[in-house]
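So this block is model_25.cif, mmCIF, C-alpha atoms:
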```cif
data_target
#
loop_
_atom_site.label_atom_id
_atom_site.label_comp_id
_atom_site.auth_asym_id
_atom_site.auth_seq_id
_atom_site.Cartn_x
_atom_site.Cartn_y
_atom_site.Cartn_z
CA MET A 7 -9.14 39.67 16.40
CA GLU A 8 -5.63 38.75 15.25
CA THR A 9 -5.23 35.39 13.47
CA PRO A 10 -2.61 33.15 15.15
CA GLU A 11 0.51 32.34 13.19
CA LEU A 12 0.77 28.98 11.44
CA THR A 13 2.95 26.49 13.34
CA LEU A 14 4.58 23.59 11.49
CA ARG A 15 6.03 20.88 13.75
CA PRO A 16 6.23 17.15 14.46
CA LEU A 17 4.37 15.59 17.34
CA ALA A 18 5.99 16.03 20.73
CA GLY A 19 5.11 12.42 21.53
CA PRO A 20 2.35 9.80 21.43
CA HIS A 21 0.34 11.86 23.93
CA GLU A 22 -0.50 14.22 21.06
CA LEU A 23 -2.17 11.53 18.98
CA ASP A 24 -5.67 12.82 19.81
CA LEU A 25 -4.66 16.21 18.43
CA PHE A 26 -3.26 14.55 15.30
CA ASN A 27 -6.45 12.53 14.81
CA ARG A 28 -8.72 15.55 14.74
CA LEU A 29 -8.38 15.33 10.97
CA PRO A 30 -10.25 12.19 9.83
CA TYR A 31 -8.91 9.32 7.73
CA LEU A 32 -9.56 5.59 7.74
CA LEU A 33 -6.10 4.78 9.17
CA ASN A 34 -6.65 6.79 12.37
CA ASP A 35 -7.62 3.72 14.40
CA GLU A 36 -4.29 2.06 13.54
CA LEU A 37 -1.95 4.88 14.54
CA ALA A 38 -1.67 4.14 18.27
CA ASP A 39 -0.64 0.54 17.59
CA ASP A 40 1.69 1.66 14.80
CA LEU A 41 3.50 3.91 17.29
CA ALA A 42 3.68 1.11 19.86
CA GLN A 43 5.03 -1.37 17.29
CA GLY A 44 7.63 1.01 15.84
CA ARG A 45 5.94 1.43 12.47
CA ARG A 46 5.69 5.15 13.09
CA ARG A 47 7.60 7.71 15.15
CA PRO A 48 6.34 11.01 16.58
CA GLU A 49 9.09 12.86 14.72
CA TRP A 50 7.70 11.47 11.44
CA MET A 51 4.18 12.76 12.20
CA TRP A 52 3.77 16.45 11.39
CA LEU A 53 1.06 19.02 11.99
CA ALA A 54 0.22 22.45 10.63
CA LEU A 55 -1.49 24.24 13.50
CA ARG A 56 -3.21 27.57 13.92
CA GLY A 57 -3.49 27.82 17.65
CA ASP A 58 -4.73 24.37 18.65
CA ARG A 59 -6.58 23.75 15.35
CA PRO A 60 -4.93 21.27 12.93
CA LEU A 61 -5.09 22.61 9.38
CA ALA A 62 -3.01 19.82 7.81
CA ARG A 63 -1.05 16.77 8.85
CA LEU A 64 1.18 14.10 7.38
CA ALA A 65 2.93 10.94 8.52
CA TRP A 66 5.40 8.38 7.26
CA TRP A 67 5.28 4.62 7.89
CA THR A 68 8.01 1.98 7.98
CA ARG A 69 8.52 -1.63 8.97
CA PRO A 70 9.41 -2.22 12.64
CA GLY A 71 13.15 -1.98 13.16
CA ASN A 72 13.80 0.23 10.13
CA ASP A 73 15.44 3.60 10.74
CA ALA A 74 14.12 5.41 7.67
CA PRO A 75 10.59 6.22 6.47
CA ALA A 76 9.39 3.79 3.81
CA LEU A 77 6.05 5.31 2.76
CA LEU A 78 4.21 8.61 3.08
CA ASP A 79 0.71 7.31 3.68
CA LEU A 80 -0.97 10.19 5.48
CA LEU A 81 -1.53 13.67 4.07
CA ASP A 82 -4.70 15.35 5.22
CA LEU A 83 -6.05 18.87 4.95
CA ASP A 84 -8.79 20.78 6.74
CA ASP A 85 -11.37 20.73 3.96
CA GLU A 86 -13.29 23.61 5.57
CA LEU A 87 -10.49 26.01 4.60
CA PRO A 88 -10.81 27.97 1.35
CA GLY A 89 -9.30 26.01 -1.55
CA HIS A 90 -6.21 28.13 -2.13
CA GLU A 91 -5.43 28.29 1.59
CA ARG A 92 -5.69 24.56 2.24
CA ILE A 93 -3.42 23.82 -0.72
CA ASP A 94 -0.86 26.41 0.42
CA VAL A 95 -0.87 25.10 3.99
CA GLY A 96 -0.43 21.54 2.76
CA VAL A 97 2.48 22.49 0.50
CA ARG A 98 4.22 24.42 3.29
CA LEU A 99 3.80 21.51 5.69
CA LEU A 100 5.03 18.91 3.21
CA ARG A 101 8.08 20.89 2.12
CA THR A 102 9.01 21.68 5.71
CA ALA A 103 8.60 18.08 6.87
CA LEU A 104 10.54 16.67 3.91
CA ALA A 105 13.48 19.00 4.58
CA ALA A 106 13.52 18.19 8.29
CA THR A 107 12.98 14.44 8.06
CA LEU A 108 14.95 13.19 5.05
CA PRO A 109 18.67 13.51 4.30
CA ARG A 110 19.56 16.35 1.92
CA GLY A 111 19.28 15.14 -1.68
CA ALA A 112 17.42 11.93 -0.80
CA THR A 113 14.51 10.87 -3.01
CA PRO A 114 11.38 10.87 -0.82
CA PRO A 115 9.53 7.57 -0.32
CA GLU A 116 6.45 7.11 -2.47
CA TYR A 117 3.08 8.41 -1.38
CA GLY A 118 -0.01 6.22 -1.13
CA ARG A 119 -3.58 7.11 -0.22
CA PHE A 120 -6.67 4.93 0.06
CA VAL A 121 -9.64 6.46 -1.76
CA PRO A 122 -13.25 5.39 -2.37
CA PRO A 123 -13.85 3.08 -5.35
CA ASP A 124 -16.05 5.72 -7.02
CA TRP A 125 -13.96 8.77 -6.09
CA ARG A 126 -14.05 10.20 -9.62
CA ASP A 127 -17.86 10.09 -9.71
CA THR A 128 -18.51 11.91 -6.41
CA PRO A 129 -17.67 15.64 -6.44
CA ALA A 130 -16.76 15.84 -2.74
CA ALA A 131 -14.51 12.75 -2.85
CA ARG A 132 -12.95 13.92 -6.12
CA GLN A 133 -12.08 17.28 -4.55
CA VAL A 134 -10.44 15.62 -1.54
CA VAL A 135 -8.28 13.42 -3.74
CA ARG A 136 -7.39 16.19 -6.18
CA ASP A 137 -6.38 18.57 -3.39
CA ARG A 138 -3.97 16.05 -1.88
CA MET A 139 -2.53 15.24 -5.29
CA THR A 140 -2.07 18.94 -6.01
CA VAL A 141 -0.10 19.38 -2.79
CA LEU A 142 2.14 16.45 -3.73
CA GLU A 143 2.65 17.73 -7.27
CA ARG A 144 3.69 21.17 -6.03
CA ALA A 145 6.28 19.44 -3.85
CA GLY A 146 7.72 17.59 -6.85
CA ALA A 147 5.82 14.30 -6.95
CA ARG A 148 3.94 12.84 -9.91
CA PRO A 149 1.11 10.29 -10.25
CA PHE A 150 2.44 6.76 -10.69
CA VAL A 151 -0.33 4.16 -10.51
CA GLU A 152 -3.86 3.59 -9.24
CA ARG A 153 -4.61 0.24 -7.66
CA LEU A 154 -7.75 -1.70 -6.78
CA ARG A 155 -8.14 -2.72 -3.12
CA LEU A 156 -9.90 -6.08 -2.82
CA GLU A 157 -11.34 -8.16 0.00
CA TRP A 158 -12.53 -11.75 0.46
CA ARG A 159 -14.96 -12.30 3.35
CA PRO A 160 -15.78 -15.47 5.30
CA GLY A 161 -18.76 -17.26 3.85
CA THR A 162 -17.71 -16.53 0.29
CA PRO A 163 -17.36 -19.89 -1.51
CA VAL A 164 -13.84 -21.01 -2.35
CA PRO A 165 -13.62 -23.23 -5.43
CA ALA A 166 -12.52 -26.80 -4.79
CA PRO A 167 -9.18 -27.87 -6.32
CA THR A 168 -9.56 -28.74 -9.98
CA GLY A 169 -6.79 -31.33 -9.90
CA ARG A 170 -5.00 -29.65 -12.79
CA LEU A 171 -2.16 -28.50 -10.56
CA SER A 172 -0.30 -29.78 -7.53
CA PHE A 173 0.68 -27.39 -4.76
CA THR A 174 3.72 -27.67 -2.51
CA PRO A 175 5.02 -25.29 0.19
CA ALA A 176 7.71 -22.87 -0.96
CA PRO A 177 9.62 -21.71 2.14
CA ASP A 178 13.11 -21.68 0.57
CA PRO A 179 14.20 -18.43 -1.07
CA GLU A 180 16.36 -19.62 -3.96
CA PRO A 181 13.81 -21.75 -5.88
CA LEU A 182 11.19 -19.04 -5.29
CA LEU A 183 13.53 -16.29 -6.49
CA ALA A 184 14.08 -18.21 -9.73
CA LEU A 185 10.31 -18.35 -10.28
CA MET A 186 9.88 -14.66 -9.35
CA THR A 187 12.59 -13.75 -11.86
CA GLY A 188 10.87 -15.71 -14.64
CA ALA A 189 7.44 -14.29 -13.81
CA LEU A 190 8.61 -10.73 -14.45
CA ALA A 191 8.64 -11.26 -18.22
CA GLY A 192 5.57 -9.51 -19.59
CA THR A 193 4.41 -8.31 -16.18
CA LEU A 194 1.56 -5.77 -16.07
CA ASP A 195 2.48 -4.54 -12.58
CA ALA A 196 3.62 -0.90 -12.65
CA HIS A 197 6.12 -1.21 -9.81
CA SER A 198 7.74 -4.27 -11.40
CA ARG A 199 7.87 -2.60 -14.81
CA ALA A 200 9.56 0.43 -13.27
CA ASP A 201 12.07 -1.83 -11.50
CA LEU A 202 12.97 -3.48 -14.80
CA THR A 203 13.95 -0.11 -16.29
CA ARG A 204 16.78 0.21 -13.77
CA MET A 205 17.83 -3.34 -12.88
CA SER A 206 17.88 -6.93 -14.13
CA PRO A 207 14.91 -9.25 -13.52
CA ARG A 208 16.95 -11.21 -10.98
CA ALA A 209 17.90 -8.03 -9.09
CA ALA A 210 14.27 -6.88 -9.15
CA ALA A 211 13.13 -10.22 -7.73
CA VAL A 212 15.75 -10.07 -4.97
CA GLU A 213 14.81 -6.49 -4.08
CA HIS A 214 11.13 -7.45 -3.88
CA TYR A 215 11.89 -10.50 -1.76
CA ASP A 216 14.27 -8.75 0.64
CA GLY A 217 12.28 -5.53 0.83
CA GLU A 218 8.85 -7.03 1.39
CA LEU A 219 8.30 -10.78 1.37
CA ALA A 220 11.12 -11.72 3.76
CA ASN A 221 9.75 -9.27 6.34
CA TYR A 222 6.41 -11.00 6.85
CA THR A 223 6.37 -12.93 10.12
CA SER A 224 3.56 -15.27 9.06
CA PRO A 225 4.63 -18.88 8.31
CA ARG A 226 6.46 -19.34 5.04
CA ASP A 227 4.99 -22.81 4.67
CA TRP A 228 1.79 -20.99 3.67
CA TRP A 229 3.56 -20.14 0.41
CA ARG A 230 2.75 -22.41 -2.53
CA VAL A 231 4.35 -23.36 -5.83
CA ALA A 232 2.02 -24.87 -8.43
CA THR A 233 3.24 -27.63 -10.76
CA LEU A 234 1.79 -29.67 -13.60
CA PRO A 235 1.59 -33.49 -13.36
CA SER A 236 4.92 -33.52 -15.22
CA GLY A 237 6.51 -31.55 -12.38
CA ALA A 238 6.96 -28.38 -14.43
CA PRO A 239 6.31 -25.24 -12.37
CA VAL A 240 3.37 -23.13 -13.46
CA GLY A 241 3.45 -20.31 -10.93
CA PHE A 242 3.21 -19.46 -7.25
CA VAL A 243 1.02 -17.75 -4.67
CA LEU A 244 2.30 -16.25 -1.43
CA PRO A 245 -0.37 -15.91 1.28
CA ALA A 246 0.82 -13.91 4.28
CA HIS A 247 -0.16 -11.66 7.17
CA ASN A 248 1.19 -8.11 7.07
CA GLY A 249 0.53 -7.23 10.70
CA TYR A 250 -2.86 -5.76 9.87
CA ASN A 251 -4.63 -8.33 7.68
CA ALA A 252 -4.25 -11.67 5.96
CA ILE A 253 -3.19 -10.88 2.41
CA VAL A 254 -2.40 -12.38 -0.95
CA ALA A 255 1.08 -10.89 -0.99
CA TYR A 256 2.16 -12.07 -4.44
CA ILE A 257 0.68 -14.27 -7.15
CA ALA A 258 2.01 -15.01 -10.62
CA VAL A 259 1.79 -17.44 -13.52
CA LEU A 260 4.97 -18.05 -15.51
CA PRO A 261 4.83 -16.60 -19.05
CA GLU A 262 4.83 -19.94 -20.84
CA HIS A 263 1.70 -21.03 -18.95
CA ARG A 264 -0.40 -17.87 -19.20
CA GLY A 265 -3.74 -18.00 -20.97
CA ASN A 266 -4.79 -21.38 -19.51
CA GLY A 267 -6.76 -20.12 -16.51
CA TYR A 268 -4.15 -21.28 -14.00
CA ILE A 269 -4.40 -17.96 -12.17
CA ASP A 270 -7.80 -19.11 -10.86
CA ASP A 271 -6.27 -22.30 -9.42
CA LEU A 272 -3.47 -20.34 -7.78
CA LEU A 273 -5.76 -17.73 -6.27
CA ALA A 274 -8.16 -20.37 -4.98
CA GLU A 275 -5.27 -22.20 -3.29
CA GLY A 276 -3.95 -19.02 -1.66
CA THR A 277 -7.44 -18.16 -0.45
CA ARG A 278 -7.92 -21.67 0.97
CA VAL A 279 -4.65 -21.40 2.92
CA LEU A 280 -5.68 -18.14 4.54
CA ALA A 281 -9.34 -19.06 5.07
CA ALA A 282 -8.15 -22.12 7.00
CA GLN A 283 -6.58 -19.73 9.54
CA ASP A 284 -10.08 -18.46 10.43
CA VAL A 285 -9.20 -14.88 9.49
CA PRO A 286 -11.91 -12.18 9.47
CA ARG A 287 -10.98 -11.06 5.95
CA ILE A 288 -8.36 -11.46 3.23
CA ARG A 289 -7.03 -8.37 1.51
CA ALA A 290 -5.36 -8.07 -1.87
CA SER A 291 -4.59 -5.39 -4.44
CA THR A 292 -3.74 -5.11 -8.10
CA ASP A 293 -3.10 -2.29 -10.55
CA LEU A 294 -6.19 -0.81 -12.14
CA GLY A 295 -4.60 -1.52 -15.53
CA ASN A 296 -4.00 -5.20 -14.76
CA SER A 297 -7.43 -6.29 -15.96
CA PRO A 298 -6.65 -10.06 -16.13
CA MET A 299 -5.68 -10.11 -12.46
CA ALA A 300 -8.62 -7.93 -11.46
CA ALA A 301 -10.98 -10.30 -13.29
CA ALA A 302 -9.46 -13.30 -11.51
CA PHE A 303 -10.10 -11.72 -8.11
CA GLN A 304 -13.67 -10.97 -9.12
CA ARG A 305 -14.23 -14.57 -10.19
CA ALA A 306 -12.83 -15.74 -6.83
CA GLY A 307 -15.39 -13.67 -4.92
CA TYR A 308 -13.18 -10.76 -3.90
CA VAL A 309 -15.03 -7.44 -3.75
CA ASN A 310 -13.63 -4.00 -4.55
CA ILE A 311 -13.48 -1.99 -1.30
CA GLY A 312 -11.58 1.00 -2.63
CA ARG A 313 -8.60 2.18 -4.60
CA GLU A 314 -5.12 3.41 -3.79
CA ILE A 315 -3.44 6.37 -5.45
CA THR A 316 0.36 6.15 -5.59
CA MET A 317 2.64 9.07 -6.39
CA VAL A 318 6.43 9.13 -6.64
CA TRP A 319 9.38 11.50 -6.72
CA GLU A 320 12.13 11.00 -9.27
#
```

As structure tokens, what does this structure read like?
Amino acid sequence: METPELTLRPLAGPHELDLFNRLPYLLNDELADDLAQGRRRPEWMWLALRGDRPLARLAWWTRPGNDAPALLDLLDLDDELPGHERIDVGVRLLRTALAATLPRGATPPEYGRFVPPDWRDTPAARQVVRDRMTVLERAGARPFVERLRLEWRPGTPVPAPTGRLSFTPAPDPEPLLALMTGALAGTLDAHSRADLTRMSPRAAAVEHYDGELANYTSPRDWWRVATLPSGAPVGFVLPAHNGYNAIVAYIAVLPEHRGNGYIDDLLAEGTRVLAAQDVPRIRASTDLGNSPMAAAFQRAGYVNIGREITMVWE
């Protein structure tokens, strides 16, 4: 019996979502709403098909209203294929989709994938992650950072205010941008460190604000600046909702106040703000290498629910 040719193509429309979702991944349940809200487009969702069997798929995500992909967050392979074949199919699909979707010469958006917290310790999970990373590497990407995914759940105690700091809403951009600029000194965040190699701290703060924080539709009066009794600012925490979950979008202590445990006060305040909204969970993330921040989340009762692998093109 002759084997059907491999077909590489985008979805013809939302009606093909069931076909796309034949390959499993934890974001599958979100895709229909993403299409309805404009976070995804059928032409940004690609399949490698042999007959009607999906052998690989990928998809880009963006914020509603944006005309360009912002993140490649889906790349899945049929893990029942022989190893060399599934890698080759994935590489062909990715290269074809990149050439058809992005302008010639454009740097592709970064890739992110959620993985189990113990993925290195489980052979099957390790193979899944390594295969996807191999496909990305053959298409020119490189590993950038691994992040912890964290979650606070209702019923987890939230520490009462210690009284060391006062908290005020921070809805206005300019004072917050000044604090964001100052907080970049000595940052352990990989994305921020990379930004500082190509732009000034002020420009990096503005890019972060305009590219992410300003796009959240949750109330900006949730945002908090922490000050000492003298009125001197210590840091800030920006609780938000990203359209999927309540999140701790950004938290930082200014360099001159680090080492005094103020991160715990800030995180507790941000958690209180969101818990008061009766949310089913609060999500957060931090770089695996940012051990002080990871320890603060652990002290605040956040549990590790997974990791995220990020890869970039340069």

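Going from atom CA of A:Gly307 to atom CA of A:Asp270 covers 11.1 Å.
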
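Residue nearest A:Gly19, chosen from A:Glu49, A:Asp40, A:Glu116, A:Glu218 and counting all atoms listed in the file: A:Glu49.
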
Test item: the PyMOL selection byres ((chain A and resi 207) around 10) resolved as a ChimeraX atom specification | /A:184,186-191,198-199,201-206,208-213

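Evaluated against the shown file, the PyMOL selection byres ((chain A and resi 59) around 10) gives A:Leu12, A:Leu25, A:Phe26, A:Arg28, A:Leu29, A:Leu53, A:Ala54, A:Leu55, A:Arg56, A:Gly57, A:Asp58, A:Pro60, A:Leu61, A:Ala62, A:Asp84.
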
Could you state the separation of atom CA of A:Leu185 and atom CA of A:Gly265 in Å, given to one decimal place?
-> 17.7 Å

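For the residues A:Ala196, A:Gly146, A:Ala112, A:Ser172, ranking by smallest atom-to-atom distance to A:Ser236 using only C-alpha atoms places A:Ser172 first.
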
Which residues fall under the PyMOL selection byres ((chain A and resi 178) around 12) in this file, as a PyMOL selection string?
-> chain A and resi 174-177+179-185+215+219-220+225-231

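Here atom CA of A:Asp293 and atom CA of A:Gly169 stand 29.3 Å from one another.
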
For the point (-2.5, 7.2, -1.1) in file coordinates, what residues are within 8 Å, counting all atoms listed in the file? Give the answer as a PyMOL selection string?
-> chain A and resi 79-80+117-121+314-317

Hey, what's within 8 Å of stretch 239-247 of chain A if we count all atoms listed in the file and toss same-chain stuff fewer than 6 positions away? As an NGL selection string, please?
-> :A and (185 or 189 or 222-226 or 228-233 or 253-260 or 263 or 268 or 272-273 or 275-277 or 279-280)

Residues of the last selection are to be written out with C-alpha atoms, as a CSV table (one decimal), in the frame of the given file.
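Saved the output as again08.csv:
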```
chain,number,residue,atom,x,y,z
A,185,LEU,CA,10.3,-18.4,-10.3
A,189,ALA,CA,7.4,-14.3,-13.8
A,222,TYR,CA,6.4,-11.0,6.8
A,223,THR,CA,6.4,-12.9,10.1
A,224,SER,CA,3.6,-15.3,9.1
A,225,PRO,CA,4.6,-18.9,8.3
A,226,ARG,CA,6.5,-19.3,5.0
A,228,TRP,CA,1.8,-21.0,3.7
A,229,TRP,CA,3.6,-20.1,0.4
A,230,ARG,CA,2.8,-22.4,-2.5
A,231,VAL,CA,4.4,-23.4,-5.8
A,232,ALA,CA,2.0,-24.9,-8.4
A,233,THR,CA,3.2,-27.6,-10.8
A,253,ILE,CA,-3.2,-10.9,2.4
A,254,VAL,CA,-2.4,-12.4,-1.0
A,255,ALA,CA,1.1,-10.9,-1.0
A,256,TYR,CA,2.2,-12.1,-4.4
A,257,ILE,CA,0.7,-14.3,-7.2
A,258,ALA,CA,2.0,-15.0,-10.6
A,259,VAL,CA,1.8,-17.4,-13.5
A,260,LEU,CA,5.0,-18.0,-15.5
A,263,HIS,CA,1.7,-21.0,-19.0
A,268,TYR,CA,-4.2,-21.3,-14.0
A,272,LEU,CA,-3.5,-20.3,-7.8
A,273,LEU,CA,-5.8,-17.7,-6.3
A,275,GLU,CA,-5.3,-22.2,-3.3
A,276,GLY,CA,-4.0,-19.0,-1.7
A,277,THR,CA,-7.4,-18.2,-0.4
A,279,VAL,CA,-4.6,-21.4,2.9
A,280,LEU,CA,-5.7,-18.1,4.5
```

Could you check which of A:Glu143, A:Ala42, A:Asp85, A:Phe173 is closest to A:Ala131, using all atoms listed in the file?
-> A:Asp85

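The nearest approach to A:Ala166 among the residues A:Arg92, A:Asp24, A:Ala274, A:Arg148, with only C-alpha atoms taken into account, belongs to A:Ala274.
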
Would you mind listing what lies within 12 Å of A:Arg98 as a list in words, with all atoms listed in the file counted and same-chain residues fewer than 2 positions away left out?
-> Leu12, Thr13, Leu14, Arg15, Trp52, Leu53, Ala54, Leu55, Leu61, Ala62, Arg63, Leu64, Leu83, Glu91, Arg92, Ile93, Asp94, Val95, Gly96, Leu100, Arg101, Thr102, Ala103, Leu104, Ala105, Val141, Leu142, Arg144 and Ala145 of chain A

Quick one: residues within 9 Å of (11.7, 5.1, -3.7) (file frame), counting all atoms listed in the file, please, as an NGL selection string.
-> :A and (76-77 or 113-116 or 318-320)

May I ask which of the residues A:Gly237, A:His214, A:Arg170, A:Gly249 is the closest one to A:Arg45, counting only C-alpha atoms?
-> A:Gly249

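Minimum distance to A:Asn34 across A:Glu262, A:Asp124, A:Asp82, A:Asp216 (counting all atoms listed in the file) occurs at A:Asp82.
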
Within 12 Å of A:Arg46, counting all atoms listed in the file, which residues show up once you throw out same-chain ones fewer than 5 positions away? Write them as a ChimeraX atom specification, please.
-> /A:17,19-20,23,36-41,51-52,64-80

Could those residues be written to a file, using C-alpha atoms, as a PDB file, keeping the file's coordinate frame?
```
ATOM      1  CA  LEU A  17       4.370  15.590  17.340  1.00  0.00           C
ATOM      2  CA  GLY A  19       5.110  12.420  21.530  1.00  0.00           C
ATOM      3  CA  PRO A  20       2.350   9.800  21.430  1.00  0.00           C
ATOM      4  CA  LEU A  23      -2.170  11.530  18.980  1.00  0.00           C
ATOM      5  CA  GLU A  36      -4.290   2.060  13.540  1.00  0.00           C
ATOM      6  CA  LEU A  37      -1.950   4.880  14.540  1.00  0.00           C
ATOM      7  CA  ALA A  38      -1.670   4.140  18.270  1.00  0.00           C
ATOM      8  CA  ASP A  39      -0.640   0.540  17.590  1.00  0.00           C
ATOM      9  CA  ASP A  40       1.690   1.660  14.800  1.00  0.00           C
ATOM     10  CA  LEU A  41       3.500   3.910  17.290  1.00  0.00           C
ATOM     11  CA  MET A  51       4.180  12.760  12.200  1.00  0.00           C
ATOM     12  CA  TRP A  52       3.770  16.450  11.390  1.00  0.00           C
ATOM     13  CA  LEU A  64       1.180  14.100   7.380  1.00  0.00           C
ATOM     14  CA  ALA A  65       2.930  10.940   8.520  1.00  0.00           C
ATOM     15  CA  TRP A  66       5.400   8.380   7.260  1.00  0.00           C
ATOM     16  CA  TRP A  67       5.280   4.620   7.890  1.00  0.00           C
ATOM     17  CA  THR A  68       8.010   1.980   7.980  1.00  0.00           C
ATOM     18  CA  ARG A  69       8.520  -1.630   8.970  1.00  0.00           C
ATOM     19  CA  PRO A  70       9.410  -2.220  12.640  1.00  0.00           C
ATOM     20  CA  GLY A  71      13.150  -1.980  13.160  1.00  0.00           C
ATOM     21  CA  ASN A  72      13.800   0.230  10.130  1.00  0.00           C
ATOM     22  CA  ASP A  73      15.440   3.600  10.740  1.00  0.00           C
ATOM     23  CA  ALA A  74      14.120   5.410   7.670  1.00  0.00           C
ATOM     24  CA  PRO A  75      10.590   6.220   6.470  1.00  0.00           C
ATOM     25  CA  ALA A  76       9.390   3.790   3.810  1.00  0.00           C
ATOM     26  CA  LEU A  77       6.050   5.310   2.760  1.00  0.00           C
ATOM     27  CA  LEU A  78       4.210   8.610   3.080  1.00  0.00           C
ATOM     28  CA  ASP A  79       0.710   7.310   3.680  1.00  0.00           C
ATOM     29  CA  LEU A  80      -0.970  10.190   5.480  1.00  0.00           C
TER      30      LEU A  80
END
```

Shell of 10 Å around stretch 154-156 of chain A, only C-alpha atoms, local chain residues under 3 positions omitted, as a PyMOL selection string = chain A and resi 120-123+253-254+288-296+300+303-304+307-315
